[in-house]
file query-v2.cif (mmCIF, C-alpha atoms)
data_data
#
loop_
_atom_site.group_PDB
_atom_site.id
_atom_site.type_symbol
_atom_site.label_atom_id
_atom_site.label_comp_id
_atom_site.auth_asym_id
_atom_site.auth_seq_id
_atom_site.Cartn_x
_atom_site.Cartn_y
_atom_site.Cartn_z
ATOM 1 C CA MET X 37 0.000 0.000 0.000
ATOM 2 C CA ALA X 38 2.860 2.377 0.853
ATOM 3 C CA SER X 39 4.188 2.017 -2.691
ATOM 4 C CA LYS X 40 1.122 3.692 -4.159
ATOM 5 C CA GLN X 41 1.282 7.279 -5.345
ATOM 6 C CA PRO X 42 0.706 9.891 -2.629
ATOM 7 C CA ALA X 43 -2.959 10.343 -1.755
ATOM 8 C CA VAL X 44 -5.259 13.176 -0.782
ATOM 9 C CA ALA X 45 -7.323 11.853 2.116
ATOM 10 C CA ILE X 46 -10.852 13.225 2.556
ATOM 11 C CA THR X 47 -12.883 12.736 5.711
ATOM 12 C CA GLY X 48 -16.656 12.974 5.339
ATOM 13 C CA ILE X 49 -16.418 11.960 1.690
ATOM 14 C CA SER X 50 -19.787 10.159 1.660
ATOM 15 C CA GLY X 51 -21.756 13.339 2.367
ATOM 16 C CA ASN X 52 -23.133 15.435 -0.465
ATOM 17 C CA LEU X 53 -20.352 18.011 -0.233
ATOM 18 C CA GLY X 54 -17.745 15.250 0.027
ATOM 19 C CA ARG X 55 -19.107 13.602 -3.107
ATOM 20 C CA ALA X 56 -18.926 16.907 -4.964
ATOM 21 C CA LEU X 57 -15.303 17.347 -3.850
ATOM 22 C CA ALA X 58 -14.465 13.803 -4.951
ATOM 23 C CA ARG X 59 -15.872 14.583 -8.405
ATOM 24 C CA GLN X 60 -13.603 17.621 -8.695
ATOM 25 C CA LEU X 61 -10.456 15.752 -7.621
ATOM 26 C CA HIS X 62 -11.258 12.462 -9.361
ATOM 27 C CA GLY X 63 -8.754 11.786 -12.111
ATOM 28 C CA GLU X 64 -6.397 14.485 -10.822
ATOM 29 C CA GLU X 65 -5.359 12.900 -7.531
ATOM 30 C CA ARG X 66 -5.375 9.532 -5.853
ATOM 31 C CA ILE X 67 -8.218 9.905 -3.350
ATOM 32 C CA LEU X 68 -8.415 8.071 -0.051
ATOM 33 C CA GLY X 69 -11.913 8.554 1.353
ATOM 34 C CA ILE X 70 -12.709 8.077 5.061
ATOM 35 C CA ASP X 71 -16.293 8.010 6.333
ATOM 36 C CA ARG X 72 -18.476 5.984 8.681
ATOM 37 C CA ARG X 73 -21.199 6.028 6.024
ATOM 38 C CA PRO X 74 -21.228 3.986 2.819
ATOM 39 C CA PHE X 75 -20.582 5.602 -0.565
ATOM 40 C CA PRO X 76 -23.050 3.886 -2.905
ATOM 41 C CA GLY X 77 -22.365 4.249 -6.604
ATOM 42 C CA ARG X 78 -18.743 5.293 -6.167
ATOM 43 C CA PRO X 79 -16.349 4.990 -9.124
ATOM 44 C CA LYS X 80 -14.394 1.740 -8.944
ATOM 45 C CA ASP X 81 -11.067 3.554 -8.715
ATOM 46 C CA LEU X 82 -12.171 5.637 -5.745
ATOM 47 C CA GLU X 83 -10.574 4.226 -2.602
ATOM 48 C CA ILE X 84 -13.212 4.410 0.158
ATOM 49 C CA HIS X 85 -12.744 3.154 3.714
ATOM 50 C CA GLN X 86 -15.876 2.906 5.829
ATOM 51 C CA VAL X 87 -14.302 3.567 9.222
ATOM 52 C CA ASP X 88 -14.683 6.004 12.117
ATOM 53 C CA ILE X 89 -11.870 8.593 12.107
ATOM 54 C CA ARG X 90 -11.420 8.014 15.866
ATOM 55 C CA LYS X 91 -10.596 4.313 15.476
ATOM 56 C CA ARG X 92 -7.235 2.620 15.046
ATOM 57 C CA LYS X 93 -8.190 1.416 11.572
ATOM 58 C CA ALA X 94 -8.354 5.059 10.509
ATOM 59 C CA GLU X 95 -4.848 5.742 11.790
ATOM 60 C CA ASP X 96 -3.628 2.670 9.904
ATOM 61 C CA LEU X 97 -4.694 4.407 6.682
ATOM 62 C CA PHE X 98 -2.352 7.306 7.477
ATOM 63 C CA ARG X 99 0.421 4.950 8.562
ATOM 64 C CA LYS X 100 0.290 2.827 5.409
ATOM 65 C CA GLY X 101 -1.538 4.896 2.819
ATOM 66 C CA ASN X 102 1.144 7.401 1.772
ATOM 67 C CA VAL X 103 -1.088 10.395 2.563
ATOM 68 C CA LYS X 104 0.349 13.689 1.350
ATOM 69 C CA ALA X 105 -2.638 15.858 2.249
ATOM 70 C CA LEU X 106 -5.808 15.684 4.313
ATOM 71 C CA ILE X 107 -9.016 17.604 3.645
ATOM 72 C CA HIS X 108 -10.953 17.334 6.883
ATOM 73 C CA MET X 109 -14.677 17.883 6.448
ATOM 74 C CA GLY X 110 -15.955 14.968 8.528
ATOM 75 C CA ILE X 111 -18.145 17.136 10.753
ATOM 76 C CA MET X 112 -21.633 16.097 11.898
ATOM 77 C CA HIS X 113 -24.376 18.775 11.688
ATOM 78 C CA ASP X 114 -27.467 17.083 13.060
ATOM 79 C CA PRO X 115 -29.603 19.336 15.302
ATOM 80 C CA ARG X 116 -31.327 16.250 16.698
ATOM 81 C CA MET X 117 -28.125 14.690 18.011
ATOM 82 C CA SER X 118 -27.074 15.448 21.579
ATOM 83 C CA ALA X 119 -24.314 17.908 22.468
ATOM 84 C CA GLU X 120 -22.261 14.992 23.799
ATOM 85 C CA GLU X 121 -22.562 13.064 20.526
ATOM 86 C CA HIS X 122 -21.581 16.146 18.537
ATOM 87 C CA HIS X 123 -18.570 16.753 20.775
ATOM 88 C CA GLN X 124 -17.463 13.126 20.652
ATOM 89 C CA PHE X 125 -17.540 12.947 16.869
ATOM 90 C CA ASN X 126 -16.653 16.494 15.824
ATOM 91 C CA VAL X 127 -14.126 17.643 18.416
ATOM 92 C CA LEU X 128 -12.518 14.334 19.371
ATOM 93 C CA GLY X 129 -12.632 13.178 15.754
ATOM 94 C CA THR X 130 -10.855 16.335 14.615
ATOM 95 C CA ALA X 131 -8.265 15.968 17.378
ATOM 96 C CA LYS X 132 -7.511 12.455 16.133
ATOM 97 C CA ALA X 133 -7.254 13.592 12.501
ATOM 98 C CA LEU X 134 -4.779 16.324 13.462
ATOM 99 C CA GLU X 135 -2.810 13.841 15.542
ATOM 100 C CA TYR X 136 -2.517 11.459 12.567
ATOM 101 C CA CYS X 137 -1.233 14.279 10.346
ATOM 102 C CA ALA X 138 1.496 15.225 12.819
ATOM 103 C CA ARG X 139 2.469 11.626 13.587
ATOM 104 C CA HIS X 140 2.574 10.276 10.042
ATOM 105 C CA GLY X 141 4.205 13.068 8.062
ATOM 106 C CA VAL X 142 1.213 14.557 6.250
ATOM 107 C CA LYS X 143 2.516 17.727 4.626
ATOM 108 C CA LYS X 144 -0.772 19.535 3.948
ATOM 109 C CA LEU X 145 -3.954 19.897 6.000
ATOM 110 C CA VAL X 146 -7.159 21.683 4.956
ATOM 111 C CA VAL X 147 -9.859 22.040 7.601
ATOM 112 C CA LEU X 148 -13.334 23.070 6.471
ATOM 113 C CA SER X 149 -14.755 25.360 9.134
ATOM 114 C CA SER X 150 -17.505 27.943 8.555
ATOM 115 C CA ALA X 151 -18.035 31.680 8.722
ATOM 116 C CA THR X 152 -20.926 30.944 11.070
ATOM 117 C CA VAL X 153 -18.372 30.514 13.877
ATOM 118 C CA TYR X 154 -18.182 34.320 14.139
ATOM 119 C CA GLY X 155 -21.838 34.384 15.096
ATOM 120 C CA PRO X 156 -24.536 36.893 14.112
ATOM 121 C CA HIS X 157 -24.745 39.718 16.627
ATOM 122 C CA PRO X 158 -26.414 43.155 16.807
ATOM 123 C CA ASP X 159 -23.008 44.779 17.380
ATOM 124 C CA ASN X 160 -21.232 43.088 14.466
ATOM 125 C CA THR X 161 -19.491 45.408 12.029
ATOM 126 C CA ASN X 162 -19.770 44.894 8.298
ATOM 127 C CA PHE X 163 -17.346 42.349 6.846
ATOM 128 C CA LEU X 164 -15.584 40.584 9.693
ATOM 129 C CA THR X 165 -11.964 39.641 9.017
ATOM 130 C CA GLU X 166 -10.218 36.425 9.981
ATOM 131 C CA ASP X 167 -8.968 37.846 13.299
ATOM 132 C CA ALA X 168 -12.485 38.626 14.580
ATOM 133 C CA PRO X 169 -13.458 36.677 17.731
ATOM 134 C CA LEU X 170 -15.461 33.477 17.296
ATOM 135 C CA MET X 171 -18.627 34.360 19.221
ATOM 136 C CA ALA X 172 -21.228 32.016 17.749
ATOM 137 C CA ALA X 173 -21.478 29.782 20.822
ATOM 138 C CA ALA X 174 -22.338 32.719 23.102
ATOM 139 C CA ARG X 175 -25.966 32.735 21.901
ATOM 140 C CA PHE X 176 -26.231 29.405 20.052
ATOM 141 C CA GLY X 177 -24.826 26.595 22.190
ATOM 142 C CA GLU X 178 -25.410 23.952 19.518
ATOM 143 C CA ILE X 179 -22.574 25.405 17.450
ATOM 144 C CA ARG X 180 -20.031 25.235 20.295
ATOM 145 C CA ASP X 181 -18.313 22.127 18.974
ATOM 146 C CA LEU X 182 -17.795 23.738 15.550
ATOM 147 C CA VAL X 183 -16.066 26.669 17.236
ATOM 148 C CA GLU X 184 -13.918 24.179 19.170
ATOM 149 C CA VAL X 185 -12.945 22.429 15.926
ATOM 150 C CA ASP X 186 -11.817 25.746 14.447
ATOM 151 C CA ILE X 187 -9.823 26.618 17.581
ATOM 152 C CA LEU X 188 -8.186 23.164 17.577
ATOM 153 C CA ALA X 189 -7.062 23.708 14.000
ATOM 154 C CA GLN X 190 -5.728 27.193 14.809
ATOM 155 C CA SER X 191 -3.691 25.746 17.673
ATOM 156 C CA PHE X 192 -2.358 23.047 15.330
ATOM 157 C CA ILE X 193 -1.019 25.739 12.976
ATOM 158 C CA TRP X 194 1.312 27.038 15.681
ATOM 159 C CA LYS X 195 2.223 23.706 17.243
ATOM 160 C CA HIS X 196 3.082 22.038 13.935
ATOM 161 C CA PRO X 197 4.602 24.523 11.499
ATOM 162 C CA GLU X 198 5.961 21.577 9.506
ATOM 163 C CA VAL X 199 2.400 20.909 8.300
ATOM 164 C CA GLU X 200 0.984 23.503 5.898
ATOM 165 C CA THR X 201 -2.412 24.014 7.532
ATOM 166 C CA VAL X 202 -5.278 25.958 5.977
ATOM 167 C CA ILE X 203 -8.567 26.705 7.724
ATOM 168 C CA LEU X 204 -11.387 27.696 5.386
ATOM 169 C CA ARG X 205 -14.427 29.576 6.693
ATOM 170 C CA PRO X 206 -16.961 29.680 3.861
ATOM 171 C CA VAL X 207 -20.189 31.656 4.126
ATOM 172 C CA HIS X 208 -23.543 29.815 4.004
ATOM 173 C CA ILE X 209 -23.145 26.878 1.610
ATOM 174 C CA VAL X 210 -26.105 26.203 -0.683
ATOM 175 C CA GLY X 211 -26.693 23.825 -3.543
ATOM 176 C CA PRO X 212 -29.080 21.293 -5.027
ATOM 177 C CA THR X 213 -27.984 18.398 -2.809
ATOM 178 C CA ILE X 214 -26.979 20.388 0.277
ATOM 179 C CA ARG X 215 -29.237 19.821 3.286
ATOM 180 C CA ASN X 216 -27.916 22.313 5.804
ATOM 181 C CA ALA X 217 -29.943 24.951 7.657
ATOM 182 C CA ALA X 218 -29.409 27.696 5.062
ATOM 183 C CA SER X 219 -30.417 25.577 2.056
ATOM 184 C CA ASN X 220 -33.380 24.075 3.891
ATOM 185 C CA TYR X 221 -34.586 27.534 4.951
ATOM 186 C CA LEU X 222 -34.362 28.869 1.398
ATOM 187 C CA ARG X 223 -36.453 25.936 0.153
ATOM 188 C CA LEU X 224 -39.411 26.851 2.370
ATOM 189 C CA ARG X 225 -42.347 28.280 0.408
ATOM 190 C CA HIS X 226 -43.405 30.480 3.328
ATOM 191 C CA PRO X 227 -40.295 30.959 5.477
ATOM 192 C CA TRP X 228 -40.409 32.888 8.712
ATOM 193 C CA THR X 229 -38.837 36.318 8.733
ATOM 194 C CA LEU X 230 -38.535 38.573 11.773
ATOM 195 C CA MET X 231 -40.503 41.819 11.714
ATOM 196 C CA GLY X 232 -38.225 44.825 11.383
ATOM 197 C CA PHE X 233 -35.157 42.804 10.351
ATOM 198 C CA ASP X 234 -33.752 42.220 6.865
ATOM 199 C CA PRO X 235 -30.051 41.362 7.276
ATOM 200 C CA MET X 236 -27.575 41.109 4.451
ATOM 201 C CA ILE X 237 -26.658 37.495 3.791
ATOM 202 C CA GLN X 238 -23.767 35.821 1.979
ATOM 203 C CA LEU X 239 -24.166 32.560 0.080
ATOM 204 C CA ILE X 240 -21.729 30.352 -1.794
ATOM 205 C CA HIS X 241 -22.446 27.497 -4.192
ATOM 206 C CA ALA X 242 -21.307 24.055 -3.022
ATOM 207 C CA GLU X 243 -19.241 23.573 -6.174
ATOM 208 C CA ASP X 244 -17.367 26.791 -5.421
ATOM 209 C CA VAL X 245 -16.636 25.570 -1.884
ATOM 210 C CA CYS X 246 -15.125 22.421 -3.383
ATOM 211 C CA ARG X 247 -13.009 24.568 -5.693
ATOM 212 C CA ALA X 248 -11.861 26.560 -2.667
ATOM 213 C CA MET X 249 -10.766 23.366 -0.899
ATOM 214 C CA VAL X 250 -8.791 22.289 -3.973
ATOM 215 C CA LEU X 251 -7.214 25.750 -4.184
ATOM 216 C CA ALA X 252 -6.203 25.481 -0.512
ATOM 217 C CA LEU X 253 -4.005 22.505 -1.467
ATOM 218 C CA THR X 254 -1.704 24.960 -3.293
ATOM 219 C CA PRO X 255 1.868 24.514 -2.014
ATOM 220 C CA GLY X 256 2.822 27.284 0.389
ATOM 221 C CA ALA X 257 -0.742 28.243 1.316
ATOM 222 C CA ARG X 258 -1.305 28.304 5.070
ATOM 223 C CA GLY X 259 -3.429 30.159 7.605
ATOM 224 C CA VAL X 260 -7.087 31.115 8.002
ATOM 225 C CA TYR X 261 -9.225 32.288 5.098
ATOM 226 C CA ASN X 262 -12.795 33.517 4.884
ATOM 227 C CA VAL X 263 -14.337 32.226 1.647
ATOM 228 C CA VAL X 264 -17.103 34.281 0.073
ATOM 229 C CA GLY X 265 -19.298 33.718 -2.940
ATOM 230 C CA PRO X 266 -20.541 36.301 -5.460
ATOM 231 C CA GLY X 267 -21.386 38.976 -2.876
ATOM 232 C CA GLU X 268 -24.161 39.757 -0.448
ATOM 233 C CA VAL X 269 -27.886 40.494 -0.754
ATOM 234 C CA PRO X 270 -30.677 41.356 1.668
ATOM 235 C CA LEU X 271 -32.532 38.283 2.895
ATOM 236 C CA SER X 272 -35.722 39.671 1.366
ATOM 237 C CA ALA X 273 -34.089 39.840 -2.084
ATOM 238 C CA ALA X 274 -32.986 36.194 -1.912
ATOM 239 C CA LEU X 275 -36.524 35.090 -0.990
ATOM 240 C CA ALA X 276 -37.994 37.233 -3.771
ATOM 241 C CA GLU X 277 -35.605 35.675 -6.305
ATOM 242 C CA LEU X 278 -36.925 32.259 -5.272
ATOM 243 C CA GLY X 279 -40.539 33.401 -5.530
ATOM 244 C CA HIS X 280 -41.216 32.636 -1.875
ATOM 245 C CA THR X 281 -43.699 34.502 0.315
ATOM 246 C CA PRO X 282 -42.260 35.126 3.782
ATOM 247 C CA THR X 283 -44.309 34.950 6.968
ATOM 248 C CA PRO X 284 -43.287 37.868 9.235
ATOM 249 C CA ILE X 285 -43.193 36.984 12.940
ATOM 250 C CA PRO X 286 -42.605 39.405 15.848
ATOM 251 C CA HIS X 287 -39.074 38.617 17.024
ATOM 252 C CA PHE X 288 -40.062 38.407 20.701
ATOM 253 C CA LEU X 289 -42.527 35.611 19.856
ATOM 254 C CA ALA X 290 -40.399 33.765 17.326
ATOM 255 C CA ARG X 291 -37.829 32.163 19.629
ATOM 256 C CA PRO X 292 -40.239 30.620 22.205
ATOM 257 C CA LEU X 293 -42.544 29.510 19.399
ATOM 258 C CA LEU X 294 -39.750 27.879 17.398
ATOM 259 C CA ASP X 295 -38.381 26.294 20.566
ATOM 260 C CA ARG X 296 -41.738 24.641 21.160
ATOM 261 C CA LEU X 297 -42.059 23.496 17.544
ATOM 262 C CA PHE X 298 -38.530 22.079 17.640
ATOM 263 C CA ARG X 299 -39.196 20.180 20.860
ATOM 264 C CA LEU X 300 -42.395 18.758 19.356
ATOM 265 C CA ARG X 301 -40.412 17.774 16.217
ATOM 266 C CA LEU X 302 -42.620 19.981 14.060
ATOM 267 C CA SER X 303 -39.562 21.923 12.903
ATOM 268 C CA ASN X 304 -35.961 20.927 12.217
ATOM 269 C CA PHE X 305 -34.612 24.400 12.980
ATOM 270 C CA PRO X 306 -33.233 24.936 16.507
ATOM 271 C CA PRO X 307 -34.152 28.371 17.929
ATOM 272 C CA GLY X 308 -30.550 29.588 17.716
ATOM 273 C CA GLU X 309 -30.847 29.629 13.923
ATOM 274 C CA LEU X 310 -33.135 32.674 14.209
ATOM 275 C CA ASP X 311 -30.124 34.894 14.881
ATOM 276 C CA TYR X 312 -28.981 34.330 11.300
ATOM 277 C CA ILE X 313 -32.148 35.934 9.908
ATOM 278 C CA GLN X 314 -32.077 38.742 12.467
ATOM 279 C CA TYR X 315 -28.517 39.996 12.887
ATOM 280 C CA LEU X 316 -25.584 40.709 10.627
ATOM 281 C CA CYS X 317 -22.791 38.174 10.091
ATOM 282 C CA THR X 318 -21.001 39.132 6.875
ATOM 283 C CA VAL X 319 -17.307 38.473 6.341
ATOM 284 C CA ASP X 320 -14.421 39.926 4.366
ATOM 285 C CA GLY X 321 -12.997 37.400 1.917
ATOM 286 C CA SER X 322 -10.284 39.633 0.440
ATOM 287 C CA ARG X 323 -7.360 37.724 1.956
ATOM 288 C CA PHE X 324 -8.227 34.538 0.025
ATOM 289 C CA VAL X 325 -8.568 36.616 -3.146
ATOM 290 C CA ARG X 326 -5.310 38.465 -2.569
ATOM 291 C CA GLU X 327 -3.128 35.522 -1.564
ATOM 292 C CA LEU X 328 -4.550 32.664 -3.641
ATOM 293 C CA GLY X 329 -6.444 34.402 -6.446
ATOM 294 C CA TRP X 330 -9.851 33.144 -5.368
ATOM 295 C CA LYS X 331 -12.854 33.888 -7.578
ATOM 296 C CA PRO X 332 -16.201 32.045 -7.437
ATOM 297 C CA ARG X 333 -17.589 30.746 -10.720
ATOM 298 C CA HIS X 334 -21.269 30.891 -9.802
ATOM 299 C CA GLY X 335 -23.037 34.256 -9.868
ATOM 300 C CA MET X 336 -25.513 35.466 -7.256
ATOM 301 C CA ARG X 337 -28.710 34.537 -9.084
ATOM 302 C CA GLU X 338 -27.376 31.086 -9.983
ATOM 303 C CA THR X 339 -26.177 30.523 -6.400
ATOM 304 C CA ILE X 340 -29.513 31.496 -4.868
ATOM 305 C CA ARG X 341 -31.530 29.421 -7.319
ATOM 306 C CA SER X 342 -29.301 26.369 -6.892
ATOM 307 C CA VAL X 343 -31.396 25.311 -3.881
ATOM 308 C CA LEU X 344 -34.297 24.646 -6.262
ATOM 309 C CA ALA X 345 -32.313 22.485 -8.713
ATOM 310 C CA ASP X 346 -32.884 18.748 -8.814
ATOM 311 C CA ASP X 347 -29.259 17.672 -8.950
ATOM 312 C CA CYS X 348 -25.725 18.831 -9.528
#
call {"tool": "encode", "arguments": {"input": "query-v2.cif", "output": "structure tokens"}}
result
Amino acid sequence: MASKQPAVAITGISGNLGRALARQLHGEERILGIDRRPFPGRPKDLEIHQVDIRKRKAEDLFRKGNVKALIHMGIMHDPRMSAEEHHQFNVLGTAKALEYCARHGVKKLVVLSSATVYGPHPDNTNFLTEDAPLMAAARFGEIRDLVEVDILAQSFIWKHPEVETVILRPVHIVGPTIRNAASNYLRLRHPWTLMGFDPMIQLIHAEDVCRAMVLALTPGARGVYNVVGPGEVPLSAALAELGHTPTPIPHFLARPLLDRLFRLRLSNFPPGELDYIQYLCTVDGSRFVRELGWKPRHGMRETIRSVLADDC
């Protein structure tokens, strides 16, 4: 196995974003996929290992698989899972992945974080830069483990300068197969909005996020980068583009009402998500543009409307 050409390992490859990334790298790199979930319909030359990143079998892949780079996107985002389960898989899983990179000579590490770690807040300035504090967990406890993952990766940068480490913080990822909170919200025919609030939002197409991860593999690239799409628009404009009719709710009623609906399993949106349609959380992506020449391929209208497409 060690005699094979160097591989790019991808955690979370069986998810929809992981599959899209595999399509972009397929034929260009030897891919070593790691995921607890199966990957039905995979190309025969795609090397998939159905293992938990925290287990010894996963470390064996780094020991024997000639891994030159790791793209770590094996993060669980299930609002119905407990905080303990999220922490066990996301934080401890990331710690193990970083440990394998340091122990087995991986030269490049790309960690997919999110711009949501900054957190929407009434006092946020326009266009937060990469050195802004990560405040998301202050009001939305369910995102605490994602902030911890980002902080773990930042610490790894300084502890292991021999590994070129890149942390990417993309804005809200949307796309035809993406099933995150932002995409699911934009698919609602009559989504809630909060009376008196119409924040600017930033969206990026899933295919552009995959391109950003590939770009982060560039030799010499290291550090933290915000990744933005084609710009920003008011929430109301995005809903109008989709032809949706919002349902305005007084903000002081929305949180207790959504909390009750979530507890009764009549909604899949935890109450903390309301902050993202109330307060500003826009980021400055100029560093990625300046240092690596980043430019998204999908325009604003195409990005917004991608949530309505049937497939990639």
call {"tool": "closest_residue", "arguments": {"input": "query-v2.cif", "among": "X:Val210, X:Ala58, X:Leu164, X:Leu300", "to": "Arg223 in chain X", "atoms": "all atoms listed in the file"}}
result
X:Val210
call {"tool": "residues_around", "arguments": {"input": "query-v2.cif", "residues": "range 72-86 of chain X", "least_positions_apart": "5", "cutoff": "12 Å", "atoms": "all atoms listed in the file", "output": "VMD selection string"}}
result
chain X and resid 37 40 43 to 52 54 to 56 58 to 59 61 to 67 91 93 to 98 101 110 to 112 125 129
call {"tool": "resolve_selection", "arguments": {"input": "query-v2.cif", "expression": "the PyMOL selection byres ((chain X and resi 169) around 12)", "output": "ChimeraX atom specification"}}
result
/X:151-157,160,164-168,170-174,183,186-187
call {"tool": "atom_distance", "arguments": {"input": "query-v2.cif", "atom1": "CA of Met336 in chain X", "atom2": "CA of Asp320 in chain X"}}
result
16.7 Å
call {"tool": "closest_residue", "arguments": {"input": "query-v2.cif", "among": "X:Gly232, X:Gly329, X:Gly308, X:Gly259", "to": "Leu145 in chain X", "atoms": "all atoms listed in the file"}}
result
X:Gly259
call {"tool": "residues_around", "arguments": {"input": "query-v2.cif", "residues": "range 260-267 of chain X", "least_positions_apart": "2", "cutoff": "10 Å", "atoms": "all atoms listed in the file", "output": "VMD selection string"}}
result
chain X and resid 146 to 147 149 to 151 164 to 167 186 189 to 190 193 201 to 209 236 to 242 244 to 245 248 to 249 252 257 to 258 269 318 to 325 327 to 328 330 to 339
call {"tool": "resolve_selection", "arguments": {"input": "query-v2.cif", "expression": "the PyMOL selection byres ((chain X and resi 343) around 6)", "output": "list of chain:residue names"}}
result
X:Gly211, X:Pro212, X:Arg341, X:Ser342, X:Leu344, X:Ala345
call {"tool": "write_last_selection", "arguments": {"input": "query-v2.cif", "atoms": "C-alpha atoms", "output": "mmCIF file, in the coordinates of the input"}}
result
data_model
loop_
_atom_site.group_PDB
_atom_site.id
_atom_site.type_symbol
_atom_site.label_atom_id
_atom_site.label_comp_id
_atom_site.auth_asym_id
_atom_site.auth_seq_id
_atom_site.Cartn_x
_atom_site.Cartn_y
_atom_site.Cartn_z
ATOM 1 C CA GLY X 211 -26.693 23.825 -3.543
ATOM 2 C CA PRO X 212 -29.080 21.293 -5.027
ATOM 3 C CA ARG X 341 -31.530 29.421 -7.319
ATOM 4 C CA SER X 342 -29.301 26.369 -6.892
ATOM 5 C CA LEU X 344 -34.297 24.646 -6.262
ATOM 6 C CA ALA X 345 -32.313 22.485 -8.713
#
call {"tool": "residues_around", "arguments": {"input": "query-v2.cif", "residues": "range 285-294 of chain X", "least_positions_apart": "2", "cutoff": "8 Å", "atoms": "only C-alpha atoms", "output": "MDAnalysis selection string"}}
result
chainID X and resid 228:231 283 296:298 303 305:308 310
call {"tool": "closest_residue", "arguments": {"input": "query-v2.cif", "among": "X:Ser191, X:Asn162, X:Asn102, X:Thr281", "to": "Leu134 in chain X", "atoms": "all atoms listed in the file"}}
result
X:Ser191
call {"tool": "axis_aligned_box", "arguments": {"input": "query-v2.cif", "around": "range 159-169 of chain X", "padding_each_side": "6 Å", "output": "lines of an AutoDock Vina configuration file"}}
result
center_x = -16.0
center_y = 40.9
center_z = 12.3
size_x = 26.0
size_y = 21.0
size_z = 22.9
call {"tool": "closest_residue", "arguments": {"input": "query-v2.cif", "among": "X:Glu243, X:Phe163, X:His108, X:Ser272", "to": "Ala133 in chain X", "atoms": "only C-alpha atoms"}}
result
X:His108
call {"tool": "atom_distance", "arguments": {"input": "query-v2.cif", "atom1": "CA of Glu268 in chain X", "atom2": "CA of Ile340 in chain X"}}
result
10.8 Å
call {"tool": "closest_residue", "arguments": {"input": "query-v2.cif", "among": "X:Pro235, X:Gly256, X:Pro227, X:Pro158", "to": "Glu200 in chain X", "atoms": "all atoms listed in the file"}}
result
X:Gly256
call {"tool": "atom_distance", "arguments": {"input": "query-v2.cif", "atom1": "CA of His113 in chain X", "atom2": "CA of Ile179 in chain X"}}
result
9.0 Å
call {"tool": "residues_around", "arguments": {"input": "query-v2.cif", "residues": "Val127 in chain X", "least_positions_apart": "5", "cutoff": "8 Å", "atoms": "all atoms listed in the file", "output": "list in words"}}
result
His122, Asp181, Leu182, Glu184 and Val185 of chain X
call {"tool": "residues_around", "arguments": {"input": "query-v2.cif", "residues": "Lys104 in chain X", "least_positions_apart": "2", "cutoff": "6 Å", "atoms": "all atoms listed in the file", "output": "PyMOL selection string"}}
result
chain X and resi 42-43+142-143
call {"tool": "write_last_selection", "arguments": {"input": "query-v2.cif", "atoms": "C-alpha atoms", "output": "tab-separated table (two decimals), in the frame of the given file"}}
result
chain	number	residue	atom	x	y	z
X	42	PRO	CA	0.71	9.89	-2.63
X	43	ALA	CA	-2.96	10.34	-1.76
X	142	VAL	CA	1.21	14.56	6.25
X	143	LYS	CA	2.52	17.73	4.63
call {"tool": "closest_residue", "arguments": {"input": "query-v2.cif", "among": "X:Met109, X:Thr130, X:Leu57, X:Val250", "to": "Ile89 in chain X", "atoms": "all atoms listed in the file"}}
result
X:Thr130
call {"tool": "build_atoms", "arguments": {"input": "query-v2.cif", "residues": "range 222-232 of chain X", "atoms": "N, CA and C atoms", "output": "short mmCIF file (atom, residue, chain, number, x, y, z; two decimals), in the coordinates of the input"}}
result
data_model
loop_
_atom_site.label_atom_id
_atom_site.label_comp_id
_atom_site.auth_asym_id
_atom_site.auth_seq_id
_atom_site.Cartn_x
_atom_site.Cartn_y
_atom_site.Cartn_z
N LEU X 222 -34.06 28.24 2.68
CA LEU X 222 -34.36 28.87 1.40
C LEU X 222 -35.30 28.03 0.54
N ARG X 223 -35.50 26.77 0.90
CA ARG X 223 -36.45 25.94 0.15
C ARG X 223 -37.89 26.09 0.66
N LEU X 224 -38.07 26.71 1.81
CA LEU X 224 -39.41 26.85 2.37
C LEU X 224 -40.24 27.81 1.52
N ARG X 225 -41.47 27.42 1.21
CA ARG X 225 -42.35 28.28 0.41
C ARG X 225 -42.79 29.52 1.18
N HIS X 226 -42.96 29.36 2.48
CA HIS X 226 -43.40 30.48 3.33
C HIS X 226 -42.50 30.57 4.56
N PRO X 227 -41.24 30.94 4.35
CA PRO X 227 -40.30 30.96 5.48
C PRO X 227 -40.61 32.08 6.46
N TRP X 228 -40.31 31.83 7.71
CA TRP X 228 -40.41 32.89 8.71
C TRP X 228 -39.37 33.97 8.43
N THR X 229 -39.78 35.22 8.61
CA THR X 229 -38.84 36.32 8.73
C THR X 229 -39.21 37.05 10.02
N LEU X 230 -38.30 37.87 10.52
CA LEU X 230 -38.53 38.57 11.77
C LEU X 230 -38.88 40.03 11.48
N MET X 231 -40.02 40.46 11.97
CA MET X 231 -40.50 41.82 11.71
C MET X 231 -39.45 42.86 12.08
N GLY X 232 -39.18 43.75 11.13
CA GLY X 232 -38.22 44.82 11.38
C GLY X 232 -36.78 44.47 11.09
#
